[in-house]
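Colleague: The following file, start-v3.cif, comprises mmCIF, C-alpha atoms and all ligand atoms:
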data_structure
#
loop_
_atom_site.label_atom_id
_atom_site.label_comp_id
_atom_site.auth_asym_id
_atom_site.auth_seq_id
_atom_site.Cartn_x
_atom_site.Cartn_y
_atom_site.Cartn_z
CA MET Z 1 -6.85 -31.42 -7.05
CA SER Z 2 -6.29 -35.18 -7.50
CA PRO Z 3 -6.66 -36.63 -11.02
CA ILE Z 4 -9.99 -38.29 -10.04
CA ALA Z 5 -11.31 -35.05 -8.53
CA SER Z 6 -10.31 -33.02 -11.56
CA ALA Z 7 -11.88 -35.58 -13.95
CA LYS Z 8 -15.11 -35.36 -11.92
CA TYR Z 9 -14.95 -31.56 -12.02
CA ILE Z 10 -14.46 -31.51 -15.79
CA LEU Z 11 -17.36 -33.93 -16.24
CA LYS Z 12 -19.56 -31.63 -14.15
CA LEU Z 13 -18.59 -28.57 -16.20
CA ASN Z 14 -19.25 -30.45 -19.44
CA THR Z 15 -22.57 -31.73 -18.13
CA ARG Z 16 -23.55 -28.15 -17.22
CA LYS Z 17 -22.63 -27.04 -20.73
CA VAL Z 18 -24.70 -29.82 -22.34
CA LEU Z 19 -27.70 -29.18 -20.09
CA LYS Z 20 -27.59 -25.47 -20.92
CA LEU Z 21 -27.53 -26.20 -24.65
CA ILE Z 22 -30.55 -28.48 -24.28
CA ARG Z 23 -32.39 -25.86 -22.18
CA ASP Z 24 -31.58 -23.07 -24.62
CA ASN Z 25 -32.96 -25.02 -27.58
CA ALA Z 26 -36.53 -26.31 -27.84
CA THR Z 27 -35.15 -29.56 -29.27
CA ILE Z 28 -31.63 -30.64 -30.17
CA SER Z 29 -29.83 -33.77 -31.39
CA ARG Z 30 -26.75 -35.36 -29.82
CA ALA Z 31 -24.81 -34.56 -33.00
CA ASP Z 32 -25.69 -30.85 -32.74
CA ILE Z 33 -24.74 -30.80 -29.06
CA SER Z 34 -21.38 -32.28 -30.03
CA LYS Z 35 -20.93 -29.70 -32.78
CA LEU Z 36 -21.93 -26.71 -30.59
CA SER Z 37 -20.05 -27.79 -27.46
CA GLY Z 38 -16.91 -29.10 -29.09
CA LEU Z 39 -17.26 -32.30 -27.01
CA SER Z 40 -16.73 -35.70 -28.62
CA ALA Z 41 -19.76 -37.77 -29.63
CA PRO Z 42 -19.11 -40.52 -27.03
CA THR Z 43 -18.73 -37.89 -24.25
CA VAL Z 44 -21.99 -36.22 -25.27
CA SER Z 45 -23.77 -39.58 -25.36
CA ARG Z 46 -22.55 -40.51 -21.89
CA ILE Z 47 -23.57 -37.13 -20.44
CA VAL Z 48 -26.99 -37.20 -22.13
CA ASP Z 49 -27.65 -40.72 -20.84
CA ASN Z 50 -26.93 -39.50 -17.30
CA LEU Z 51 -29.20 -36.46 -17.73
CA ILE Z 52 -32.01 -38.71 -18.96
CA LYS Z 53 -31.48 -40.94 -15.91
CA GLU Z 54 -31.72 -37.83 -13.68
CA GLY Z 55 -35.02 -36.93 -15.34
CA LEU Z 56 -33.67 -33.57 -16.57
CA VAL Z 57 -33.74 -34.48 -20.25
CA GLU Z 58 -36.05 -36.63 -22.37
CA GLU Z 59 -35.97 -38.15 -25.84
CA ILE Z 60 -38.86 -37.11 -28.01
CA GLY Z 61 -38.31 -39.28 -31.09
CA ALA Z 62 -36.83 -38.86 -34.53
CA GLY Z 63 -36.08 -35.49 -36.13
CA ILE Z 64 -35.32 -34.65 -39.75
CA SER Z 65 -32.38 -36.46 -41.34
CA ASN Z 66 -29.58 -34.67 -43.15
CA GLY Z 67 -28.92 -37.92 -44.99
CA GLY Z 68 -28.40 -41.14 -43.06
CA ARG Z 69 -30.21 -42.18 -39.88
CA ARG Z 70 -32.76 -39.73 -38.47
CA PRO Z 71 -31.44 -38.18 -35.23
CA ASN Z 72 -33.19 -38.82 -31.93
CA LEU Z 73 -34.14 -35.38 -30.61
CA LEU Z 74 -33.74 -34.32 -27.00
CA ARG Z 75 -35.44 -31.68 -24.92
CA PHE Z 76 -35.29 -30.29 -21.39
CA CYS Z 77 -37.78 -31.96 -19.09
CA PRO Z 78 -39.13 -29.57 -16.40
CA ASN Z 79 -41.81 -31.87 -14.97
CA ASN Z 80 -39.74 -34.61 -13.35
CA ASN Z 81 -38.09 -32.51 -10.70
CA PHE Z 82 -39.80 -30.12 -8.32
CA ILE Z 83 -38.97 -27.38 -5.84
CA ILE Z 84 -40.84 -25.84 -2.92
CA GLY Z 85 -40.31 -22.13 -2.28
CA ILE Z 86 -41.37 -20.55 1.03
CA ASP Z 87 -41.75 -16.85 1.78
CA LEU Z 88 -41.61 -16.80 5.56
CA GLY Z 89 -43.16 -13.41 6.18
CA THR Z 90 -44.26 -11.81 9.43
CA THR Z 91 -47.93 -11.91 8.44
CA HIS Z 92 -48.12 -14.99 6.20
CA ILE Z 93 -46.24 -18.16 5.39
CA TYR Z 94 -46.60 -18.39 1.63
CA GLY Z 95 -45.40 -21.53 -0.15
CA VAL Z 96 -45.38 -22.66 -3.77
CA LEU Z 97 -44.62 -25.93 -5.52
CA ALA Z 98 -42.83 -25.23 -8.81
CA ASN Z 99 -41.35 -27.22 -11.67
CA LEU Z 100 -37.95 -26.57 -13.25
CA GLU Z 101 -39.40 -23.87 -15.52
CA ALA Z 102 -40.42 -22.03 -12.31
CA GLU Z 103 -44.08 -22.61 -13.15
CA ILE Z 104 -46.25 -22.68 -10.05
CA ILE Z 105 -48.11 -25.97 -9.75
CA ALA Z 106 -49.69 -25.44 -6.33
CA GLU Z 107 -49.65 -22.80 -3.60
CA GLU Z 108 -50.49 -22.54 0.10
CA LYS Z 109 -50.80 -19.50 2.35
CA ILE Z 110 -51.49 -19.45 6.07
CA PRO Z 111 -51.10 -16.80 8.80
CA THR Z 112 -47.61 -16.87 10.37
CA GLU Z 113 -48.71 -16.28 13.98
CA VAL Z 114 -45.34 -14.83 15.05
CA GLU Z 115 -46.57 -14.82 18.67
CA SER Z 116 -46.51 -18.64 18.63
CA GLY Z 117 -42.70 -18.37 18.79
CA PHE Z 118 -39.99 -20.08 16.75
CA TYR Z 119 -41.29 -23.64 17.17
CA GLY Z 120 -44.87 -22.60 16.46
CA VAL Z 121 -43.83 -20.82 13.25
CA MET Z 122 -41.63 -23.76 12.21
CA ASP Z 123 -44.46 -26.24 12.76
CA ARG Z 124 -46.76 -24.10 10.63
CA THR Z 125 -44.07 -23.88 7.94
CA PHE Z 126 -43.74 -27.67 8.05
CA THR Z 127 -47.52 -27.98 7.54
CA VAL Z 128 -47.33 -25.77 4.42
CA ILE Z 129 -44.44 -27.85 3.03
CA GLU Z 130 -46.25 -31.14 3.69
CA LYS Z 131 -49.44 -29.90 1.99
CA LEU Z 132 -47.44 -28.87 -1.08
CA ARG Z 133 -45.46 -32.12 -1.10
CA ALA Z 134 -48.69 -34.13 -0.97
CA GLN Z 135 -49.68 -32.53 -4.29
CA LEU Z 136 -46.92 -34.53 -5.96
CA GLY Z 137 -48.66 -37.84 -5.22
CA LYS Z 138 -46.44 -40.66 -6.48
CA LYS Z 139 -43.72 -38.19 -7.49
CA GLN Z 140 -42.96 -37.11 -3.91
CA ASN Z 141 -39.37 -38.34 -4.12
CA HIS Z 142 -38.88 -36.05 -7.13
CA LEU Z 143 -38.79 -33.05 -4.80
CA ASN Z 144 -35.31 -31.49 -4.97
CA GLY Z 145 -35.46 -29.27 -1.94
CA ILE Z 146 -36.92 -26.35 -0.05
CA GLY Z 147 -35.83 -22.75 -0.62
CA MET Z 148 -36.83 -20.16 1.97
CA ALA Z 149 -36.85 -16.37 2.17
CA VAL Z 150 -36.59 -15.09 5.76
CA ALA Z 151 -36.60 -11.54 7.13
CA GLY Z 152 -33.53 -11.12 9.29
CA LEU Z 153 -29.76 -11.24 9.55
CA ILE Z 154 -28.61 -14.61 8.24
CA ASN Z 155 -25.19 -15.80 9.30
CA LYS Z 156 -24.16 -17.93 6.34
CA LYS Z 157 -21.12 -19.38 8.07
CA ARG Z 158 -23.23 -20.70 10.96
CA ASN Z 159 -26.28 -21.37 8.73
CA ILE Z 160 -28.65 -19.73 11.22
CA VAL Z 161 -30.89 -16.68 11.47
CA GLU Z 162 -28.69 -14.72 13.84
CA PHE Z 163 -31.21 -11.99 14.54
CA SER Z 164 -34.67 -11.24 13.23
CA PRO Z 165 -36.32 -8.22 14.88
CA ASN Z 166 -39.59 -8.93 13.04
CA PHE Z 167 -39.84 -12.46 14.46
CA HIS Z 168 -38.03 -11.64 17.75
CA TRP Z 169 -35.61 -14.51 17.02
CA HIS Z 170 -31.97 -14.85 18.07
CA ASP Z 171 -29.79 -17.67 16.67
CA ALA Z 172 -32.78 -19.47 15.13
CA ASP Z 173 -31.73 -22.78 13.56
CA ILE Z 174 -34.32 -23.27 10.80
CA ALA Z 175 -32.49 -26.04 8.96
CA GLY Z 176 -31.64 -27.83 12.22
CA TYR Z 177 -35.31 -27.97 13.19
CA LEU Z 178 -36.90 -28.79 9.81
CA LEU Z 179 -34.28 -31.09 8.32
CA PRO Z 180 -34.91 -34.19 10.47
CA LYS Z 181 -38.64 -33.85 9.75
CA LEU Z 182 -38.27 -33.37 6.00
CA ASN Z 183 -35.14 -35.24 4.98
CA LEU Z 184 -34.68 -32.79 2.11
CA PRO Z 185 -32.09 -30.08 1.44
CA ILE Z 186 -33.12 -26.71 2.85
CA PHE Z 187 -31.55 -23.47 1.72
CA PHE Z 188 -32.59 -20.13 3.14
CA ASP Z 189 -31.42 -16.59 2.83
CA ASN Z 190 -32.38 -13.04 3.66
CA VAL Z 191 -35.66 -12.11 1.97
CA THR Z 192 -34.26 -9.18 0.01
CA ARG Z 193 -31.28 -11.08 -1.37
CA VAL Z 194 -33.65 -13.91 -2.26
CA MET Z 195 -35.85 -11.41 -4.15
CA ALA Z 196 -32.76 -10.18 -5.98
CA LEU Z 197 -31.91 -13.76 -6.96
CA GLY Z 198 -35.45 -14.26 -8.27
CA GLU Z 199 -34.99 -11.14 -10.40
CA LEU Z 200 -31.57 -12.40 -11.51
CA TYR Z 201 -32.86 -15.77 -12.72
CA TYR Z 202 -36.32 -15.00 -14.03
CA GLY Z 203 -36.83 -11.23 -13.98
CA VAL Z 204 -34.86 -8.11 -14.91
CA GLY Z 205 -31.61 -9.93 -14.19
CA LYS Z 206 -31.90 -11.54 -17.60
CA LYS Z 207 -31.17 -8.04 -18.93
CA TYR Z 208 -28.76 -6.66 -16.28
CA ARG Z 209 -25.52 -7.87 -14.70
CA ASN Z 210 -25.38 -5.13 -12.05
CA PHE Z 211 -28.54 -4.19 -10.23
CA ILE Z 212 -29.87 -3.66 -6.73
CA CYS Z 213 -33.17 -4.93 -5.46
CA VAL Z 214 -34.61 -2.73 -2.70
CA ASN Z 215 -37.34 -4.26 -0.57
CA VAL Z 216 -39.64 -1.74 1.09
CA GLY Z 217 -42.21 -3.48 3.22
CA TYR Z 218 -42.48 -3.82 6.98
CA GLY Z 219 -38.68 -3.25 6.95
CA ILE Z 220 -36.16 -2.20 4.31
CA GLY Z 221 -33.27 -4.17 2.80
CA ALA Z 222 -31.16 -4.34 -0.35
CA GLY Z 223 -30.07 -7.34 -2.44
CA ILE Z 224 -26.98 -6.29 -4.36
CA ILE Z 225 -26.08 -8.13 -7.58
CA ILE Z 226 -22.60 -7.42 -8.94
CA ASN Z 227 -21.48 -9.06 -12.18
CA GLY Z 228 -24.38 -11.51 -11.96
CA GLN Z 229 -23.48 -12.60 -8.40
CA PRO Z 230 -25.10 -11.64 -5.07
CA LEU Z 231 -22.91 -9.62 -2.72
CA LEU Z 232 -22.76 -11.50 0.59
CA GLY Z 233 -20.20 -9.75 2.77
CA THR Z 234 -17.98 -11.54 5.30
CA HIS Z 235 -20.79 -13.31 7.18
CA GLY Z 236 -23.53 -13.08 4.59
CA MET Z 237 -25.02 -9.97 6.11
CA ALA Z 238 -24.33 -7.38 3.39
CA GLY Z 239 -27.26 -5.27 2.22
CA GLU Z 240 -28.71 -3.99 5.52
CA PHE Z 241 -29.72 -0.85 3.66
CA GLY Z 242 -32.56 -0.07 6.08
CA HIS Z 243 -30.17 0.57 8.97
CA ILE Z 244 -28.12 3.42 7.59
CA THR Z 245 -28.69 6.57 9.66
CA LEU Z 246 -30.38 9.37 7.74
CA GLU Z 247 -31.42 11.64 10.62
CA LYS Z 248 -28.71 11.86 13.25
CA ASP Z 249 -30.83 13.71 15.84
CA SER Z 250 -34.00 11.76 15.17
CA LYS Z 251 -36.28 10.83 18.08
CA ILE Z 252 -37.58 7.88 16.06
CA GLN Z 253 -36.09 4.62 17.25
CA CYS Z 254 -35.60 1.78 14.81
CA TYR Z 255 -36.22 -1.91 15.66
CA CYS Z 256 -32.42 -2.33 15.56
CA GLY Z 257 -32.08 0.06 18.52
CA ASN Z 258 -30.50 2.94 16.57
CA PHE Z 259 -32.30 6.25 15.98
CA GLY Z 260 -33.12 7.78 12.59
CA CYS Z 261 -32.50 4.69 10.42
CA LEU Z 262 -33.87 4.73 6.86
CA GLU Z 263 -36.13 1.83 7.87
CA ALA Z 264 -37.61 3.86 10.73
CA LEU Z 265 -38.34 6.71 8.30
CA SER Z 266 -39.43 5.02 5.06
CA SER Z 267 -40.67 1.46 5.68
CA GLY Z 268 -44.36 0.55 5.85
CA SER Z 269 -44.21 0.53 9.65
CA GLY Z 270 -42.28 3.84 9.62
CA ILE Z 271 -44.88 5.53 7.39
CA ALA Z 272 -47.76 4.35 9.59
CA ARG Z 273 -45.92 5.51 12.71
CA ALA Z 274 -45.19 8.99 11.26
CA ALA Z 275 -48.86 9.47 10.33
CA ARG Z 276 -49.97 8.24 13.75
CA LEU Z 277 -47.72 10.78 15.49
CA GLU Z 278 -49.15 13.65 13.43
CA LEU Z 279 -52.72 12.57 14.21
CA GLU Z 280 -51.95 12.19 17.93
CA ASN Z 281 -50.76 15.80 17.83
CA GLY Z 282 -54.18 16.85 16.56
CA ALA Z 283 -53.64 17.10 12.79
CA LYS Z 284 -56.77 16.86 10.64
CA SER Z 285 -56.94 14.13 8.00
CA ILE Z 286 -59.32 11.66 6.32
CA LEU Z 287 -57.01 9.02 7.79
CA LEU Z 288 -58.99 9.23 11.06
CA GLU Z 289 -62.09 8.10 9.23
CA MET Z 290 -60.17 5.43 7.28
CA CYS Z 291 -58.90 3.80 10.48
CA ASP Z 292 -62.26 4.13 12.28
CA ASN Z 293 -60.66 6.61 14.73
CA ASN Z 294 -58.43 3.81 16.02
CA LEU Z 295 -54.85 4.83 15.34
CA ASP Z 296 -53.62 1.29 16.05
CA ASN Z 297 -55.33 0.23 12.80
CA LEU Z 298 -53.48 2.79 10.71
CA THR Z 299 -51.38 1.27 7.87
CA ALA Z 300 -48.97 2.62 5.24
CA GLU Z 301 -51.49 1.51 2.61
CA MET Z 302 -54.11 3.83 4.13
CA VAL Z 303 -51.58 6.68 4.10
CA ALA Z 304 -50.81 6.06 0.40
CA ASN Z 305 -54.51 5.90 -0.49
CA ALA Z 306 -55.33 9.08 1.45
CA ALA Z 307 -52.39 10.86 -0.23
CA LYS Z 308 -53.74 9.85 -3.65
CA LYS Z 309 -57.09 11.36 -2.66
CA GLY Z 310 -55.34 14.68 -1.98
CA ASP Z 311 -55.15 14.50 1.82
CA ILE Z 312 -52.41 16.98 2.74
CA LEU Z 313 -51.19 15.28 5.91
CA ALA Z 314 -51.03 11.86 4.23
CA TRP Z 315 -49.28 13.34 1.19
CA ASN Z 316 -46.67 15.07 3.34
CA VAL Z 317 -45.98 11.93 5.37
CA PHE Z 318 -45.74 9.66 2.33
CA HIS Z 319 -43.72 12.14 0.30
CA LYS Z 320 -41.19 12.60 3.11
CA ALA Z 321 -40.78 8.81 3.44
CA ALA Z 322 -40.33 8.39 -0.32
CA GLU Z 323 -37.82 11.25 -0.37
CA TYR Z 324 -35.69 9.58 2.32
CA LEU Z 325 -35.86 6.36 0.33
CA GLY Z 326 -34.70 8.30 -2.75
CA ILE Z 327 -31.78 9.76 -0.75
CA GLY Z 328 -30.77 6.26 0.36
CA ILE Z 329 -31.07 4.92 -3.19
CA SER Z 330 -28.95 7.83 -4.48
CA ALA Z 331 -26.20 6.62 -2.14
CA LEU Z 332 -26.54 3.06 -3.49
CA ILE Z 333 -26.25 4.37 -7.04
CA ASN Z 334 -23.15 6.44 -6.22
CA LEU Z 335 -21.52 3.48 -4.42
CA PHE Z 336 -22.30 0.61 -6.81
CA ASN Z 337 -22.90 2.22 -10.21
CA PRO Z 338 -25.73 -0.22 -11.06
CA GLU Z 339 -27.67 -0.49 -14.32
CA ALA Z 340 -30.98 -0.63 -12.48
CA ILE Z 341 -32.67 -0.31 -9.09
CA VAL Z 342 -35.59 -2.68 -8.67
CA ILE Z 343 -38.02 -1.78 -5.89
CA GLY Z 344 -40.31 -4.43 -4.43
CA GLY Z 345 -42.26 -5.02 -1.20
CA GLY Z 346 -45.67 -3.98 0.05
CA VAL Z 347 -45.06 -0.20 -0.04
CA THR Z 348 -44.52 -0.32 -3.85
CA GLN Z 349 -48.24 -0.98 -4.22
CA ALA Z 350 -48.57 2.79 -3.74
CA GLY Z 351 -47.32 3.00 -7.35
CA ASP Z 352 -46.48 6.36 -9.00
CA ILE Z 353 -46.68 8.36 -5.78
CA LEU Z 354 -43.65 6.39 -4.56
CA PHE Z 355 -41.75 5.95 -7.82
CA ASP Z 356 -42.13 9.57 -8.99
CA THR Z 357 -40.67 10.91 -5.72
CA VAL Z 358 -37.83 8.35 -5.67
CA ARG Z 359 -36.93 9.14 -9.31
CA SER Z 360 -36.97 12.91 -8.82
CA THR Z 361 -34.93 12.64 -5.59
CA VAL Z 362 -32.34 10.44 -7.31
CA LYS Z 363 -32.16 12.93 -10.15
CA ALA Z 364 -31.54 15.74 -7.67
CA ARG Z 365 -29.16 13.92 -5.30
CA ALA Z 366 -27.13 11.20 -7.05
CA LEU Z 367 -24.11 12.06 -9.19
CA SER Z 368 -25.65 12.71 -12.58
CA ARG Z 369 -22.92 10.98 -14.56
CA ILE Z 370 -23.59 7.76 -12.63
CA SER Z 371 -27.36 8.02 -12.24
CA ARG Z 372 -28.62 9.38 -15.55
CA GLU Z 373 -28.93 5.96 -17.20
CA VAL Z 374 -30.05 4.01 -14.11
CA GLU Z 375 -33.54 2.60 -14.49
CA ILE Z 376 -35.74 2.61 -11.38
CA LEU Z 377 -38.28 -0.16 -11.82
CA PRO Z 378 -40.92 -2.08 -9.86
CA ALA Z 379 -40.06 -5.73 -9.03
CA THR Z 380 -41.06 -8.23 -11.73
CA PHE Z 381 -43.12 -10.56 -9.58
CA GLY Z 382 -44.94 -8.13 -7.27
CA PRO Z 383 -46.15 -10.02 -4.18
CA LYS Z 384 -44.61 -13.26 -5.54
CA ALA Z 385 -41.07 -11.79 -5.67
CA ALA Z 386 -39.84 -13.42 -2.45
CA VAL Z 387 -41.38 -16.83 -3.09
CA MET Z 388 -40.03 -16.98 -6.66
CA GLY Z 389 -36.63 -16.04 -5.32
CA ALA Z 390 -36.92 -18.85 -2.76
CA VAL Z 391 -37.58 -21.29 -5.62
CA SER Z 392 -34.46 -19.97 -7.38
CA LEU Z 393 -32.29 -20.91 -4.36
CA ILE Z 394 -32.83 -24.58 -5.21
CA MET Z 395 -33.26 -24.10 -8.96
CA GLN Z 396 -29.76 -22.70 -9.45
CA LYS Z 397 -28.30 -25.69 -7.62
CA VAL Z 398 -30.25 -28.21 -9.69
CA LEU Z 399 -29.45 -26.55 -13.01
CA ASN Z 400 -25.80 -26.01 -12.06
CA LEU Z 401 -25.75 -29.67 -10.99
CA ASP Z 402 -24.53 -28.72 -7.54
CA TYR Z 403 -26.26 -31.73 -6.13
CA LYS Z 404 -27.96 -34.83 -7.47
CA THR Z 405 -31.57 -34.39 -8.49
CA GLY Z 406 -34.45 -36.71 -7.80
CA SER Z 407 -33.00 -38.19 -4.64
CA LYS Z 408 -33.30 -37.60 -0.93
CA PHE Z 409 -30.59 -36.07 1.19
CA GLY Z 410 -29.94 -36.85 4.81
CA GLU Z 411 -27.94 -33.76 5.66
CA SER Z 412 -28.26 -30.07 5.14
CA ALA Z 413 -26.16 -28.89 2.26
CA PRO Z 414 -24.00 -26.02 3.51
CA LEU Z 415 -24.75 -22.63 2.05
CA ALA Z 416 -22.39 -21.73 -0.75
ZN ZN L 501 -32.18 0.40 12.22
#
Do you think you could lay out the structure here as structure tokens?
Modeller:
Amino acid sequence: MSPIASAKYILKLNTRKVLKLIRDNATISRADISKLSGLSAPTVSRIVDNLIKEGLVEEIGAGISNGGRRPNLLRFCPNNNFIIGIDLGTTHIYGVLANLEAEIIAEEKIPTEVESGFYGVMDRTFTVIEKLRAQLGKKQNHLNGIGMAVAGLINKKRNIVEFSPNFHWHDADIAGYLLPKLNLPIFFDNVTRVMALGELYYGVGKKYRNFICVNVGYGIGAGIIINGQPLLGTHGMAGEFGHITLEKDSKIQCYCGNFGCLEALSSGSGIARAARLELENGAKSILLEMCDNNLDNLTAEMVANAAKKGDILAWNVFHKAAEYLGIGISALINLFNPEAIVIGGGVTQAGDILFDTVRSTVKARALSRISREVEILPATFGPKAAVMGAVSLIMQKVLNLDYKTGSKFGESAPLA
């Protein structure tokens, strides 16, 4: 590193340290920052002046004097910089506008209309972003960027969605399409890893350094956090938990093409399909009534509700799916020795019927020395888990000062 580069790097690290001290304290003086950080008073003053210019810190007037001049107190300013988070789901495009405390200021939700193809979905996403941006009025240039959660295999080196079975996309260039229209940094990642990041920054991750977020919705994925960092793998595709084979002779084909994948057995679509098969074979169940005798309308939610009402077929189908999920999670626990497993996604709305089976299966199947202290918890943000994670994609970059705040960017920042 050249002397100029290393001086810049040290300044960035010191600025990070100062910003963290200001965020961790309701109010703080320059003198206390100097004392706590070990940085000289002139260095602190220069850094604080820059942070005020960036709109990340504000002066709130005089504090109490310890003799001499009363210090000018500083505090973190969350309402000068904003982030848009998008959960690009197969049924809805859900967007939020948030401040730097991750408080939601505005939200928008519209149907995705997957059948409109990549450009149709992107245009609808753009509409959601523009509606949220308009909420900022005169502060529109205070928008720091767009974070997005997308279902699919994301190739981080190429910065594209390489394959998304849910959207039927191959090599979809989200940033390439939206960037010229928005002129703002766009960061996207796989929905489950994004959920895990949301948990890391604002949820259970405050308590744990090693945990795995399992998303059980239309598909199944895992976001693995090791030592406070997401596990990416060589291309950014680690965590395809749903596509491990659990039934080698299964007749049930997964969307990935393989047979007997966990996703085919335990996801929302897998549960609905298993119940449908039983009913087609003539099994009796209140599910027939619940779906108005139209098996195409059958959902995993109906299966969970029927099971709770004591319907034997529904209970068997749901229990089997939850048991397979528990077997898969036992493997994750044995492999990664996490402190907690956090389960999110639509299927978790089934509640105890899912969690009880997963917990008892883990108890029976995972190595007891590894699993006995592992907590198995529901995701912190429920249906907002993905969108809050999407906000965190930009938030971590702003708070780590990985790019300038409050200004526009003409090029896509590469994924770290
Ligand atoms: Zn599969």
Colleague: Measuring between all atoms listed in the file, which one of Z:Ala306, Z:Leu399, Z:Ile244, Z:Ile286 shows the shortest distance to ligand ZN 501 (chain L)?
Modeller: Z:Ile244
Colleague: Within 7 Å of ligand ZN 501 (chain L), counting all atoms listed in the file: which residues, as a VMD selection string?
Modeller: chain Z and resid 242 to 244 254 to 259 261 263 to 264
Colleague: Applying 9 Å and only C-alpha atoms, which residues near Asn14 (chain Z) remain after dropping the ones on its own chain fewer than 6 positions away? List them as a count of residues only.
Modeller: 5
Colleague: So what do you get for CA of Phe188 (chain Z) versus CA of Val150 (chain Z), distance-wise?
Modeller: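 Going from CA of Phe188 (chain Z) over to CA of Val150 (chain Z) covers 6.9 Å.
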Colleague: Which residues are near region 374-379 of chain Z? Cut-off 6 Å, all atoms listed in the file, ignore same chain within fewer than 3 positions. Put them as a list in words.
Modeller: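 Contacts, in chain order: Glu339, Ala340, Ile341, Val342, Ile343, Gly344, Ser371 and Gly382 of chain Z.
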Colleague: Just the selected residues (C-alpha atoms), exported as a PDB file, keeping the file's coordinate frame, please.
Modeller:
ATOM      1  CA  GLU Z 339     -27.670  -0.490 -14.320  1.00  0.00           C
ATOM      2  CA  ALA Z 340     -30.980  -0.630 -12.480  1.00  0.00           C
ATOM      3  CA  ILE Z 341     -32.670  -0.310  -9.090  1.00  0.00           C
ATOM      4  CA  VAL Z 342     -35.590  -2.680  -8.670  1.00  0.00           C
ATOM      5  CA  ILE Z 343     -38.020  -1.780  -5.890  1.00  0.00           C
ATOM      6  CA  GLY Z 344     -40.310  -4.430  -4.430  1.00  0.00           C
ATOM      7  CA  SER Z 371     -27.360   8.020 -12.240  1.00  0.00           C
ATOM      8  CA  GLY Z 382     -44.940  -8.130  -7.270  1.00  0.00           C
TER       9      GLY Z 382
END
Colleague: Interatomic distance between CA of Arg16 (chain Z) and CA of Ala62 (chain Z)?
Modeller: 24.3 Å
Colleague: Given the choices Z:Arg193, Z:Lys156, Z:Arg75, Z:Lys248, which gets closest to Asn25 (chain Z) if the distance is worked out from all atoms listed in the file?
Modeller: Z:Arg75
Colleague: Select, counting all atoms listed in the file, all protein, DNA and RNA residues no farther than 10 Å from (-43.3, -6.0, 3.2) in file coordinates, and express the selection as a PyMOL selection string.
Modeller: chain Z and resi 89-91+151+191+215-220+267-269+344-348+383+386
Colleague: Could you check which of Z:Ala283, Z:His170, Z:Asp402, Z:Gln253 is closest to Lys12 (chain Z), using only C-alpha atoms?
Modeller: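 Of Z:Ala283, Z:His170, Z:Asp402, Z:Gln253, the one nearest Lys12 (chain Z), counting only C-alpha atoms, is Z:Asp402.
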Colleague: For Gly236 (chain Z), work out the shell of residues within 9 Å, counting all atoms listed in the file and skipping chain neighbours fewer than 5 positions away, then give it as a list in words.
Modeller: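 Selected residues are Leu153, Ile154, Asn155, Lys156, Lys157, Asp189, Asn190 and Leu231 of chain Z.
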Colleague: Can you measure CA of Ser45 (chain Z) to CA of Ala5 (chain Z) for me? One decimal in Å is fine.
Modeller: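 CA of Ala5 (chain Z) lies at a distance of 21.4 Å from CA of Ser45 (chain Z).
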Colleague: Using only C-alpha atoms, which protein or nucleic acid residues come within 10 Å of Ile146 (chain Z)? Drop anything in the same chain fewer than 5 positions from it, and give the result as a PDB file with C-alpha atoms, in the frame of the given file.
Modeller:
ATOM      1  CA  PHE Z  82     -39.800 -30.120  -8.320  1.00  0.00           C
ATOM      2  CA  ILE Z  83     -38.970 -27.380  -5.840  1.00  0.00           C
ATOM      3  CA  ILE Z  84     -40.840 -25.840  -2.920  1.00  0.00           C
ATOM      4  CA  GLY Z  85     -40.310 -22.130  -2.280  1.00  0.00           C
ATOM      5  CA  ILE Z  86     -41.370 -20.550   1.030  1.00  0.00           C
ATOM      6  CA  GLY Z  95     -45.400 -21.530  -0.150  1.00  0.00           C
ATOM      7  CA  VAL Z  96     -45.380 -22.660  -3.770  1.00  0.00           C
ATOM      8  CA  LEU Z  97     -44.620 -25.930  -5.520  1.00  0.00           C
ATOM      9  CA  ILE Z 129     -44.440 -27.850   3.030  1.00  0.00           C
ATOM     10  CA  LEU Z 179     -34.280 -31.090   8.320  1.00  0.00           C
ATOM     11  CA  LEU Z 182     -38.270 -33.370   6.000  1.00  0.00           C
ATOM     12  CA  LEU Z 184     -34.680 -32.790   2.110  1.00  0.00           C
ATOM     13  CA  PRO Z 185     -32.090 -30.080   1.440  1.00  0.00           C
ATOM     14  CA  ILE Z 186     -33.120 -26.710   2.850  1.00  0.00           C
ATOM     15  CA  PHE Z 187     -31.550 -23.470   1.720  1.00  0.00           C
ATOM     16  CA  PHE Z 188     -32.590 -20.130   3.140  1.00  0.00           C
ATOM     17  CA  ALA Z 390     -36.920 -18.850  -2.760  1.00  0.00           C
ATOM     18  CA  VAL Z 391     -37.580 -21.290  -5.620  1.00  0.00           C
ATOM     19  CA  LEU Z 393     -32.290 -20.910  -4.360  1.00  0.00           C
ATOM     20  CA  ILE Z 394     -32.830 -24.580  -5.210  1.00  0.00           C
ATOM     21  CA  MET Z 395     -33.260 -24.100  -8.960  1.00  0.00           C
TER      22      MET Z 395
END
Colleague: With all atoms listed in the file as the atoms that count, which of Z:Gly389, Z:Gly270, Z:Pro111, Z:Gly328 lies nearest to Leu298 (chain Z)?
Modeller: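 That would be Z:Gly270, the residue with the smallest distance to Leu298 (chain Z).
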Colleague: Which residue out of Z:Leu288, Z:Asp87, Z:Gln135, Z:Ala275 has the minimum interatomic distance to Val303 (chain Z) when only C-alpha atoms are used?
Modeller: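 The shortest atom-to-atom distance to Val303 (chain Z) comes from Z:Ala275.
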